[in-house]
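Student: So here's upload_5.cif (mmCIF, C-alpha atoms).
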data_start
loop_
_atom_site.label_atom_id
_atom_site.label_comp_id
_atom_site.auth_asym_id
_atom_site.auth_seq_id
_atom_site.Cartn_x
_atom_site.Cartn_y
_atom_site.Cartn_z
CA MET A 3 0.00 0.00 0.00
CA PRO A 4 2.71 2.55 0.85
CA LEU A 5 4.47 1.60 -2.40
CA GLU A 6 1.28 2.18 -4.42
CA PHE A 7 0.77 5.50 -2.64
CA ASN A 8 4.26 6.61 -3.72
CA TYR A 9 3.67 5.49 -7.27
CA ASN A 10 0.42 7.45 -7.41
CA ASN A 11 2.07 10.57 -6.04
CA MET A 12 4.92 10.24 -8.48
CA ARG A 13 2.49 9.75 -11.34
CA LYS A 14 0.56 12.87 -10.31
CA LEU A 15 3.79 14.82 -10.12
CA PHE A 16 4.82 13.68 -13.61
CA VAL A 17 1.38 14.40 -15.07
CA ILE A 18 1.10 17.88 -13.53
CA SER A 19 4.66 18.79 -14.52
CA ALA A 20 4.09 17.44 -18.03
CA VAL A 21 0.94 19.55 -18.38
CA VAL A 22 2.76 22.67 -17.18
CA PHE A 23 5.66 22.17 -19.60
CA ALA A 24 3.30 21.27 -22.45
CA VAL A 25 1.44 24.57 -21.90
CA LEU A 26 4.78 26.40 -21.79
CA GLY A 27 5.73 24.58 -25.00
CA ILE A 28 2.55 25.78 -26.69
CA VAL A 29 3.16 29.37 -25.52
CA PHE A 30 6.77 29.27 -26.73
CA THR A 31 5.63 27.81 -30.03
CA VAL A 32 3.12 30.60 -30.58
CA LEU A 33 5.66 33.24 -29.59
CA PRO A 34 8.62 33.76 -31.95
CA MET A 35 11.02 32.06 -29.56
CA GLY A 36 12.60 29.85 -32.23
CA THR A 37 14.38 26.73 -31.04
CA ILE A 38 14.02 27.74 -27.37
CA ALA A 39 10.56 26.16 -27.56
CA PHE A 40 12.30 22.76 -27.79
CA LEU A 41 13.24 23.11 -24.13
CA PRO A 42 9.73 22.95 -22.56
CA ILE A 43 8.51 20.65 -25.32
CA GLY A 44 11.33 18.18 -24.67
CA ILE A 45 10.73 18.26 -20.93
CA ALA A 46 6.96 17.77 -21.45
CA PHE A 47 7.73 14.83 -23.75
CA VAL A 48 9.99 13.11 -21.23
CA LEU A 49 7.63 13.76 -18.30
CA SER A 50 4.63 12.46 -20.23
CA LEU A 51 6.58 9.28 -21.07
CA LEU A 52 7.41 8.84 -17.38
CA ALA A 53 3.80 9.54 -16.40
CA ASN A 54 2.64 7.01 -18.96
CA TYR A 55 5.06 4.44 -17.57
CA GLN A 56 3.80 5.06 -14.01
CA SER A 57 0.12 4.90 -15.01
CA LYS A 58 -2.18 1.92 -14.85
CA THR A 59 -3.88 0.86 -18.06
CA ASN A 60 -6.98 2.97 -17.37
CA GLN A 61 -4.84 6.05 -16.46
CA LYS A 62 -2.77 6.33 -19.62
CA ARG A 63 -5.06 8.64 -21.59
CA LEU A 64 -3.84 12.01 -20.25
CA PRO A 65 -0.11 11.21 -20.55
CA LYS A 66 -0.73 10.09 -24.13
CA ILE A 67 -2.58 13.33 -24.93
CA ILE A 68 0.36 15.34 -23.55
CA LEU A 69 2.72 13.19 -25.58
CA VAL A 70 0.77 13.98 -28.76
CA ILE A 71 0.68 17.70 -27.92
CA ALA A 72 4.45 17.70 -27.34
CA ALA A 73 5.01 15.90 -30.65
CA LEU A 74 2.73 18.31 -32.54
CA THR A 75 4.30 21.44 -31.06
CA PHE A 76 7.72 19.95 -31.86
CA LEU A 77 6.67 19.60 -35.51
CA VAL A 78 5.25 23.14 -35.58
CA VAL A 79 8.53 24.55 -34.23
CA ILE A 80 10.52 22.57 -36.80
CA GLY A 81 8.22 23.93 -39.51
CA LYS A 82 8.63 27.51 -38.30
CA VAL A 83 12.40 27.20 -38.10
CA VAL A 84 12.66 25.72 -41.60
CA PHE A 85 10.02 27.70 -43.48
CA VAL A 86 9.65 31.06 -41.69
CA LYS A 87 12.54 33.31 -42.62
CA ASP A 88 13.79 36.19 -40.51
CA VAL A 89 12.81 39.29 -42.45
CA VAL A 90 12.32 42.93 -41.64
CA VAL A 91 9.05 44.24 -43.01
CA SER A 92 9.29 47.55 -44.81
CA ASP A 93 7.87 50.18 -42.48
CA LYS A 94 6.44 53.06 -44.53
CA GLN A 95 6.17 55.40 -41.57
CA PHE A 96 9.76 54.72 -40.58
CA GLU A 97 10.98 55.25 -44.15
CA GLN A 98 8.99 58.49 -44.41
CA ASN A 99 10.48 59.71 -41.13
CA LYS A 100 13.96 59.01 -42.49
CA VAL A 101 13.34 61.05 -45.62
CA GLU A 102 11.93 63.99 -43.66
CA SER A 103 14.72 63.74 -41.11
CA LYS A 104 17.31 63.95 -43.85
CA LYS A 105 15.75 67.09 -45.31
CA GLU A 106 15.83 68.67 -41.86
CA ASP A 107 19.46 67.58 -41.42
CA ILE A 108 20.50 69.28 -44.64
CA LYS A 109 18.95 72.53 -43.39
CA ASP A 110 20.85 72.19 -40.10
CA LEU A 111 24.09 71.45 -41.92
CA GLU A 112 23.64 74.45 -44.19
CA GLY A 113 23.47 76.60 -41.07
CA LEU A 114 26.72 75.32 -39.62
CA MET B 22 16.16 47.70 -24.67
CA LYS B 23 17.77 51.11 -24.38
CA LYS B 24 20.72 49.38 -22.80
CA ILE B 25 20.84 46.84 -25.61
CA ALA B 26 20.70 49.58 -28.23
CA PHE B 27 23.43 51.45 -26.41
CA VAL B 28 25.58 48.37 -26.20
CA ILE B 29 25.06 47.45 -29.83
CA CYS B 30 26.04 50.95 -30.87
CA PHE B 31 28.76 51.09 -28.32
CA ILE B 32 30.35 47.81 -29.24
CA LEU B 33 30.11 48.46 -32.91
CA THR B 34 31.99 51.58 -32.10
CA PHE B 35 35.10 49.53 -31.82
CA GLY B 36 35.56 48.76 -35.41
CA SER B 37 38.71 48.43 -37.29
CA GLY B 38 41.99 49.98 -38.20
CA TYR B 39 43.41 52.64 -40.52
CA ALA B 40 40.99 52.02 -43.35
CA GLN B 41 39.55 54.83 -45.43
CA ILE B 42 35.83 55.00 -44.83
CA LYS B 43 34.06 54.71 -48.15
CA SER B 44 30.76 56.15 -49.14
CA ASN B 45 27.96 53.69 -49.98
CA GLU B 46 29.25 51.02 -47.66
CA LYS B 47 26.55 48.76 -46.26
CA LEU B 48 26.97 46.28 -43.41
CA VAL B 49 24.05 44.11 -42.34
CA TYR B 50 24.01 42.20 -39.05
CA ALA B 51 21.69 39.74 -37.36
CA ALA B 52 21.24 40.61 -33.70
CA SER B 53 20.63 37.68 -31.35
CA TYR B 54 19.83 37.56 -27.68
CA ASN B 55 20.67 34.71 -25.33
CA MET B 56 17.55 33.13 -23.89
CA SER B 57 18.04 30.14 -21.62
CA GLY B 58 21.38 29.41 -23.23
CA LEU B 59 20.06 29.53 -26.79
CA MET B 60 20.60 32.43 -29.15
CA THR B 61 17.37 33.79 -30.63
CA GLN B 62 17.51 36.18 -33.56
CA LEU B 63 15.66 39.37 -32.72
CA ALA B 64 16.59 42.12 -35.11
CA GLN B 65 18.49 43.27 -38.13
CA VAL B 66 21.10 45.96 -37.75
CA THR B 67 22.21 47.92 -40.79
CA MET B 68 25.09 50.36 -41.05
CA ASN B 69 25.30 52.64 -44.06
CA THR B 70 27.59 55.37 -45.30
CA GLU B 71 26.61 58.03 -47.81
CA THR B 72 28.04 61.30 -49.07
CA VAL B 73 25.84 64.34 -48.43
CA LYS B 74 26.64 67.72 -49.93
CA THR B 75 25.53 71.15 -48.80
CA THR B 76 26.28 74.42 -50.58
CA LYS B 77 29.37 74.90 -48.38
CA LYS B 78 30.86 71.49 -47.85
CA SER B 79 30.59 67.77 -48.16
CA PHE B 80 29.74 65.43 -45.29
CA LEU B 81 29.82 61.70 -44.80
CA HIS B 82 26.48 60.54 -43.49
CA LEU B 83 26.89 57.52 -41.21
CA SER B 84 23.78 55.70 -40.10
CA PHE B 85 22.96 52.81 -37.84
CA GLU B 86 19.53 51.28 -38.08
CA ALA B 87 18.05 48.54 -35.90
CA ALA B 88 14.73 46.89 -36.77
CA THR B 89 13.14 43.83 -35.21
CA PHE B 90 12.31 40.93 -37.48
CA SER B 91 8.64 40.90 -38.46
CA LYS B 92 7.91 37.92 -36.20
CA TRP B 93 8.82 40.08 -33.19
CA ASP B 94 7.05 43.26 -34.31
CA LYS B 95 3.73 42.24 -32.74
CA PHE B 96 5.38 41.66 -29.38
CA PHE B 97 8.14 44.27 -29.15
CA LYS B 98 8.74 46.41 -32.18
CA ILE B 99 12.05 48.23 -32.47
CA ARG B 100 12.86 50.89 -35.05
CA ASP B 101 15.99 52.70 -33.97
CA LEU B 102 17.94 55.10 -36.11
CA TYR B 103 21.25 56.65 -35.16
CA GLU B 104 22.81 59.07 -37.61
CA THR B 105 25.79 61.33 -37.72
CA TYR B 106 27.24 63.71 -40.29
CA VAL B 107 31.00 63.86 -40.20
CA ASP B 108 33.89 65.45 -42.01
CA PRO B 109 34.94 62.82 -44.59
CA ALA B 110 38.64 63.31 -43.84
CA THR B 111 38.74 63.63 -40.06
CA LEU B 112 35.43 61.89 -39.22
CA LYS B 113 34.77 64.72 -36.79
CA PRO B 114 31.02 64.95 -36.17
CA SER B 115 28.96 68.05 -36.90
CA LEU B 116 25.46 66.72 -36.37
CA TYR B 117 24.29 63.63 -34.51
CA LYS B 118 20.73 62.37 -34.34
CA ARG B 119 19.08 59.53 -32.54
CA SER B 120 15.51 58.43 -33.02
CA ILE B 121 14.32 55.38 -31.14
CA TYR B 122 11.08 53.46 -31.08
CA GLU B 123 11.23 50.51 -28.70
CA GLY B 124 8.01 48.76 -27.82
CA GLY B 125 6.05 52.01 -27.85
CA TYR B 126 8.68 54.07 -26.07
CA THR B 127 10.04 56.90 -28.19
CA LYS B 128 12.92 59.27 -27.84
CA THR B 129 14.64 61.65 -30.21
CA GLU B 130 17.91 63.45 -29.70
CA LYS B 131 19.84 65.91 -31.79
CA TYR B 132 23.34 67.11 -31.02
CA ILE B 133 24.88 69.97 -32.94
CA PHE B 134 28.62 70.10 -32.34
CA SER B 135 30.28 73.50 -32.20
CA ALA B 136 32.89 74.24 -34.86
CA ASN B 137 35.77 73.69 -32.41
CA GLY B 138 34.10 70.58 -30.96
CA ASN B 139 34.15 71.92 -27.38
CA SER B 140 30.41 72.12 -26.87
CA ILE B 141 27.18 70.52 -27.94
CA SER B 142 23.72 71.98 -28.34
CA SER B 143 21.27 69.21 -27.71
CA THR B 144 17.56 68.88 -28.30
CA THR B 145 15.80 65.96 -26.66
CA LYS B 146 12.22 64.76 -26.82
CA LYS B 147 10.95 61.76 -24.88
CA LYS B 148 7.51 60.19 -25.14
CA ASN B 149 4.83 62.24 -23.34
CA ARG B 150 7.36 64.81 -22.25
CA PRO B 151 8.10 68.31 -23.53
CA GLU B 152 11.08 68.92 -25.75
CA THR B 153 14.16 70.12 -23.89
CA THR B 154 17.20 71.95 -25.14
CA LYS B 155 20.56 72.16 -23.48
CA SER B 156 24.12 73.21 -24.19
CA PHE B 157 27.00 71.49 -22.51
CA ALA B 158 30.77 71.44 -22.74
CA VAL B 159 32.64 68.39 -23.98
CA GLY B 160 36.25 67.54 -24.68
CA ALA B 161 37.59 68.45 -28.08
CA SER B 162 38.13 64.76 -28.88
CA THR B 163 34.66 63.66 -27.72
CA ARG B 164 32.58 62.06 -30.42
CA ASP B 165 29.16 60.62 -30.77
CA ILE B 166 28.94 56.86 -30.70
CA ILE B 167 28.40 56.38 -34.42
CA SER B 168 31.28 58.52 -35.62
CA MET B 169 33.41 56.64 -33.11
CA ILE B 170 32.51 53.39 -34.84
CA TYR B 171 34.05 54.61 -38.00
CA LYS B 172 36.87 56.57 -36.40
CA LEU B 173 38.11 53.38 -34.85
CA ARG B 174 38.57 51.98 -38.29
CA THR B 175 41.44 54.40 -38.60
CA VAL B 176 43.22 52.88 -35.61
CA ASN B 177 46.08 50.64 -36.56
CA PHE B 178 45.63 47.73 -34.18
CA SER B 179 48.31 45.73 -35.99
CA GLN B 180 50.85 47.72 -34.03
CA PHE B 181 49.24 46.76 -30.72
CA LYS B 182 50.53 44.01 -28.44
CA PRO B 183 48.06 41.69 -26.68
CA GLY B 184 46.76 43.47 -23.57
CA GLN B 185 47.53 46.93 -24.93
CA SER B 186 44.61 49.37 -24.83
CA ALA B 187 43.43 52.46 -26.58
CA SER B 188 41.08 54.95 -24.96
CA PHE B 189 38.31 57.11 -26.35
CA ILE B 190 35.58 59.41 -25.12
CA ILE B 191 32.05 59.22 -26.39
CA VAL B 192 28.96 61.27 -25.61
CA PHE B 193 25.71 59.41 -25.04
CA ASP B 194 22.53 60.59 -23.30
CA GLU B 195 24.23 63.96 -22.81
CA LYS B 196 27.03 62.41 -20.78
CA GLU B 197 30.62 61.68 -21.63
CA TYR B 198 31.95 58.14 -21.18
CA PRO B 199 35.58 57.08 -21.30
CA VAL B 200 35.93 53.87 -23.27
CA TYR B 201 38.82 51.45 -23.36
CA VAL B 202 39.58 49.02 -26.15
CA LYS B 203 42.00 46.21 -25.41
CA TYR B 204 43.72 44.29 -28.18
CA MET B 205 43.49 40.56 -27.43
CA GLY B 206 45.05 38.90 -30.45
CA MET B 207 44.02 37.37 -33.78
CA GLU B 208 41.33 34.77 -34.50
CA THR B 209 39.61 33.36 -37.57
CA VAL B 210 35.90 34.08 -37.61
CA SER B 211 33.04 33.43 -40.06
CA ALA B 212 32.13 36.75 -41.70
CA GLY B 213 28.84 36.32 -43.58
CA ASN B 214 29.23 36.73 -47.34
CA LEU B 215 32.93 37.44 -46.88
CA GLY B 216 33.61 33.85 -45.79
CA LYS B 217 36.07 33.05 -43.06
CA LYS B 218 38.33 35.94 -42.20
CA GLN B 219 41.28 36.49 -39.98
CA CYS B 220 40.15 38.97 -37.37
CA ILE B 221 41.47 41.23 -34.66
CA LYS B 222 39.87 40.43 -31.32
CA LEU B 223 39.15 43.39 -29.07
CA SER B 224 37.72 43.70 -25.59
CA ILE B 225 35.61 46.73 -24.73
CA ALA B 226 35.33 48.35 -21.32
CA ALA B 227 33.71 51.57 -20.18
CA LYS B 228 32.94 53.34 -16.95
CA THR B 229 29.23 52.70 -17.20
CA ASP B 230 26.76 50.26 -15.70
CA LYS B 231 25.59 49.35 -19.20
CA LEU B 232 28.40 46.83 -19.76
CA ARG B 233 29.12 43.83 -17.54
CA GLY B 234 31.99 41.50 -16.87
CA LYS B 235 35.67 41.64 -17.67
CA ASP B 236 36.49 40.78 -21.28
CA LYS B 237 32.89 39.76 -21.90
CA ASN B 238 32.19 42.53 -24.36
CA LEU B 239 34.13 41.53 -27.42
CA ILE B 240 34.40 42.47 -31.04
CA TRP B 241 36.15 40.79 -33.92
CA ILE B 242 37.14 42.97 -36.87
CA THR B 243 38.73 41.83 -40.08
CA SER B 244 42.47 42.34 -40.17
CA ASP B 245 42.40 43.37 -43.85
CA ALA B 246 42.18 46.94 -45.13
CA ALA B 247 38.36 47.03 -44.92
CA LYS B 248 38.41 46.46 -41.14
CA VAL B 249 34.85 45.24 -41.01
CA PRO B 250 33.33 44.36 -37.62
CA VAL B 251 32.13 40.79 -38.14
CA LEU B 252 31.18 39.50 -34.71
CA ILE B 253 30.21 41.36 -31.57
CA ARG B 254 29.43 39.72 -28.24
CA PHE B 255 28.00 41.78 -25.42
CA SER B 256 27.16 41.26 -21.78
CA ILE B 257 24.75 43.69 -20.18
CA PRO B 258 22.71 43.67 -16.94
CA VAL B 259 19.73 42.02 -18.64
CA GLY B 260 21.68 39.26 -20.38
CA THR B 261 24.04 38.51 -23.22
CA GLY B 262 23.80 38.60 -26.98
CA GLN B 263 25.68 38.96 -30.20
CA LEU B 264 25.70 40.57 -33.61
CA THR B 265 26.90 38.53 -36.55
CA LEU B 266 27.71 39.97 -39.92
CA ALA B 267 25.23 38.74 -42.51
CA SER B 268 26.43 40.72 -45.51
CA ALA B 269 28.88 43.44 -46.41
CA SER B 270 28.90 45.51 -49.58
CA GLY B 271 30.71 48.59 -50.86
CA ILE B 272 33.68 47.94 -48.60
#
When written as structure tokens, how does the structure in this file appear?

Tutor:
Amino acid sequence: MPLEFNYNNMRKLFVISAVVFAVLGIVFTVLPMGTIAFLPIGIAFVLSLLANYQSKTNQKRLPKIILVIAALTFLVVIGKVVFVKDVVVSDKQFEQNKVESKKEDIKDLEGL
Amino acid sequence: MKKIAFVICFILTFGSGYAQIKSNEKLVYAASYNMSGLMTQLAQVTMNTETVKTTKKSFLHLSFEAATFSKWDKFFKIRDLYETYVDPATLKPSLYKRSIYEGGYTKTEKYIFSANGNSISSTTKKKNRPETTKSFAVGASTRDIISMIYKLRTVNFSQFKPGQSASFIIVFDEKEYPVYVKYMGMETVSAGNLGKKQCIKLSIAAKTDKLRGKDKNLIWITSDAAKVPVLIRFSIPVGTGQLTLASASGI
């Protein structure tokens, strides 16, 4: 009985931690954090495997869901890293400010 | 972010040696920030040179532009522009301007250097604050941070011994900062479209709380005549990061 109690506690710990890291993984995947997202995703993956190992047959559903989420977010991050290029979008307001600033600069320089 | 912008400018300041600064030079960098031990690319930094003529004389317009990559714009947009107009021969600044937009915070600064370089008339405007003007005295050798970048490219570091330093004075946020550049030796570094280049390794130190650690603010500049800064590593109170040269043209 004490052994089973420990196993249950450990399972709960793994499941809760896996959920937390999976949520972090999703947040990092949505944010432009790049490969940093692999960190929470990897931890969620490992914890969900451990939780799955600790679970009885009728308790394996949640760890498996977390495992799938971790795998999916991993694929999304890979996709973003491979296909989304780092580009600077042309900012019309910024460009306009530069042009006007330069005109003003010329006036200042003429006065020097 | 102001600290990061300062450091990026500041570190880039310590460019190269005894090269003639050409007009229409363009250097593009990818700026990365260290998050949990992994470098994440945040912004693109572009440095340009251009000749500007007035009715009386010709100036070299030096600009430094930092813009976050589009993926970051929704979260923390940065559009910083630092400009200076210098004498093409001496690189002595006449007009310096700074316009920053960092996550909604804005600030503009304009310094007009007196003819003898002993004083500056500044105009500053911060977000939601009235414009202020001020005149203050500076040393004759004091430069703005951008002109310093290029001035350093006239320093002949090949004559330096490891551990030997050069000192400079820059003006930033209406204050003067002494800056020390220590020659640390030669290393081969990847330099974007220039391939692998033999570089001069320099360590930057300044009497400011904006830089941290001993020999943790480093810059590698090519040892050839172009003296292009190719890699910059910085350590500041909020973390560490680096700038890597992506492309260089007109050098």

Student: Would you translate the PyMOL selection byres ((chain A and resi 38) around 9) into the concrete set of residues it matches in this file, as a PyMOL selection string?

Tutor: (chain A and resi 30-31+35-37+39-42) or (chain B and resi 56-61)

Student: I need the residues from that last selection saved to file as a PDB file, keeping the file's coordinate frame (with C-alpha atoms), if you can.

Tutor:
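Saved to selection.pdb:
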ATOM      1  CA  PHE A  30       6.770  29.270 -26.730  1.00  0.00           C
ATOM      2  CA  THR A  31       5.630  27.810 -30.030  1.00  0.00           C
ATOM      3  CA  MET A  35      11.020  32.060 -29.560  1.00  0.00           C
ATOM      4  CA  GLY A  36      12.600  29.850 -32.230  1.00  0.00           C
ATOM      5  CA  THR A  37      14.380  26.730 -31.040  1.00  0.00           C
ATOM      6  CA  ALA A  39      10.560  26.160 -27.560  1.00  0.00           C
ATOM      7  CA  PHE A  40      12.300  22.760 -27.790  1.00  0.00           C
ATOM      8  CA  LEU A  41      13.240  23.110 -24.130  1.00  0.00           C
ATOM      9  CA  PRO A  42       9.730  22.950 -22.560  1.00  0.00           C
TER      10      PRO A  42
ATOM     11  CA  MET B  56      17.550  33.130 -23.890  1.00  0.00           C
ATOM     12  CA  SER B  57      18.040  30.140 -21.620  1.00  0.00           C
ATOM     13  CA  GLY B  58      21.380  29.410 -23.230  1.00  0.00           C
ATOM     14  CA  LEU B  59      20.060  29.530 -26.790  1.00  0.00           C
ATOM     15  CA  MET B  60      20.600  32.430 -29.150  1.00  0.00           C
ATOM     16  CA  THR B  61      17.370  33.790 -30.630  1.00  0.00           C
TER      17      THR B  61
END

Student: Using only C-alpha atoms, find the residues of chain A whose closest atom to chain B is at most 12 Å away, then write them as a ChimeraX atom specification.

Tutor: /A:30,32-42,82-83,86-97,99-100,103-114

Student: Step by step, work through what the PyMOL selection byres ((chain B and resi 150-155) around 10) selects in the shown file, and finish by giving those residues as a PyMOL selection string.

Tutor: chain B and resi 128-132+141-149+156-157+195

Student: Can you tell me how far atom CA of A:Lys58 sits from atom CA of A:Leu15, in Å to one decimal?

Tutor: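 Distance between the two atoms: 15.0 Å.
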
Student: Quote the spacing between atom CA of B:Pro183 and atom CA of B:Ser224 in Å to one decimal place.

Tutor: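 Here the two named atoms are 10.6 Å from each other.
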
Student: Any chance you could work out the axis-aligned box around stretch 210-216 of chain B, listed atoms only, 6 Å on each side, giving centre and edge lengths in Å to one decimal, as AutoDock Vina command-line options?

Tutor:
--center_x 32.4 --center_y 35.4 --center_z -42.5 --size_x 19.1 --size_y 16.0 --size_z 21.7

Student: As a check of understanding, name the residues that the PyMOL selection byres ((chain B and resi 213) around 8) selects in the supplied structure, as an MDAnalysis selection string.

Tutor: chainID B and resid 211:212 214:217 251 265:269

Student: Those same residues - C-alpha atoms - I'd like them written as a compact mmCIF listing (two decimals), keeping the file's coordinate frame.

Tutor:
# COMPACT_ATOMS: atom_id res chain seq x y z
CA SER B 211 33.04 33.43 -40.06
CA ALA B 212 32.13 36.75 -41.70
CA ASN B 214 29.23 36.73 -47.34
CA LEU B 215 32.93 37.44 -46.88
CA GLY B 216 33.61 33.85 -45.79
CA LYS B 217 36.07 33.05 -43.06
CA VAL B 251 32.13 40.79 -38.14
CA THR B 265 26.90 38.53 -36.55
CA LEU B 266 27.71 39.97 -39.92
CA ALA B 267 25.23 38.74 -42.51
CA SER B 268 26.43 40.72 -45.51
CA ALA B 269 28.88 43.44 -46.41

Student: Do you have the atom CA of B:Lys248-atom CA of B:Ile170 distance handy?

Tutor: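 Atom CA of B:Ile170 lies 11.1 Å from atom CA of B:Lys248.
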
Student: Up to 9 Å from (36.1, 63.4, -42.8) in the file's coordinates: name the residues, counting all atoms listed in the file, as a list in words.

Tutor: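 Looking at atoms near the point gives Ile42, Ser79, Phe80, Leu81, Val107, Asp108, Pro109, Ala110, Thr111, Leu112, Lys113 and Pro114 of chain B.
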
Student: Identify, on the basis of all atoms listed in the file, every residue whose closest approach to B:Thr209 does not exceed 12 Å; exclude the query and any residue fewer than 3 positions from it along the same chain; express the result as JSON, numbers by chain.

Tutor: {"B": [206, 212, 216, 217, 218, 219, 220, 221, 222, 241, 242, 243, 244, 251, 252]}

Student: List as an mmCIF file with C-alpha atoms, in the coordinates of the input the protein and nucleic acid residues near A:Ile67, meaning an atom at most 12 Å away when all atoms listed in the file are counted, but skip any in the same chain fewer than 3 places from it.

Tutor:
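Listing of result_1.cif after writing:
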data_model
loop_
_atom_site.group_PDB
_atom_site.id
_atom_site.type_symbol
_atom_site.label_atom_id
_atom_site.label_comp_id
_atom_site.auth_asym_id
_atom_site.auth_seq_id
_atom_site.Cartn_x
_atom_site.Cartn_y
_atom_site.Cartn_z
ATOM 1 C CA VAL A 17 1.380 14.400 -15.070
ATOM 2 C CA ALA A 20 4.090 17.440 -18.030
ATOM 3 C CA VAL A 21 0.940 19.550 -18.380
ATOM 4 C CA ALA A 24 3.300 21.270 -22.450
ATOM 5 C CA ALA A 46 6.960 17.770 -21.450
ATOM 6 C CA PHE A 47 7.730 14.830 -23.750
ATOM 7 C CA SER A 50 4.630 12.460 -20.230
ATOM 8 C CA LEU A 51 6.580 9.280 -21.070
ATOM 9 C CA ALA A 53 3.800 9.540 -16.400
ATOM 10 C CA ASN A 54 2.640 7.010 -18.960
ATOM 11 C CA GLN A 61 -4.840 6.050 -16.460
ATOM 12 C CA LYS A 62 -2.770 6.330 -19.620
ATOM 13 C CA ARG A 63 -5.060 8.640 -21.590
ATOM 14 C CA LEU A 64 -3.840 12.010 -20.250
ATOM 15 C CA VAL A 70 0.770 13.980 -28.760
ATOM 16 C CA ILE A 71 0.680 17.700 -27.920
ATOM 17 C CA ALA A 72 4.450 17.700 -27.340
ATOM 18 C CA ALA A 73 5.010 15.900 -30.650
ATOM 19 C CA LEU A 74 2.730 18.310 -32.540
#
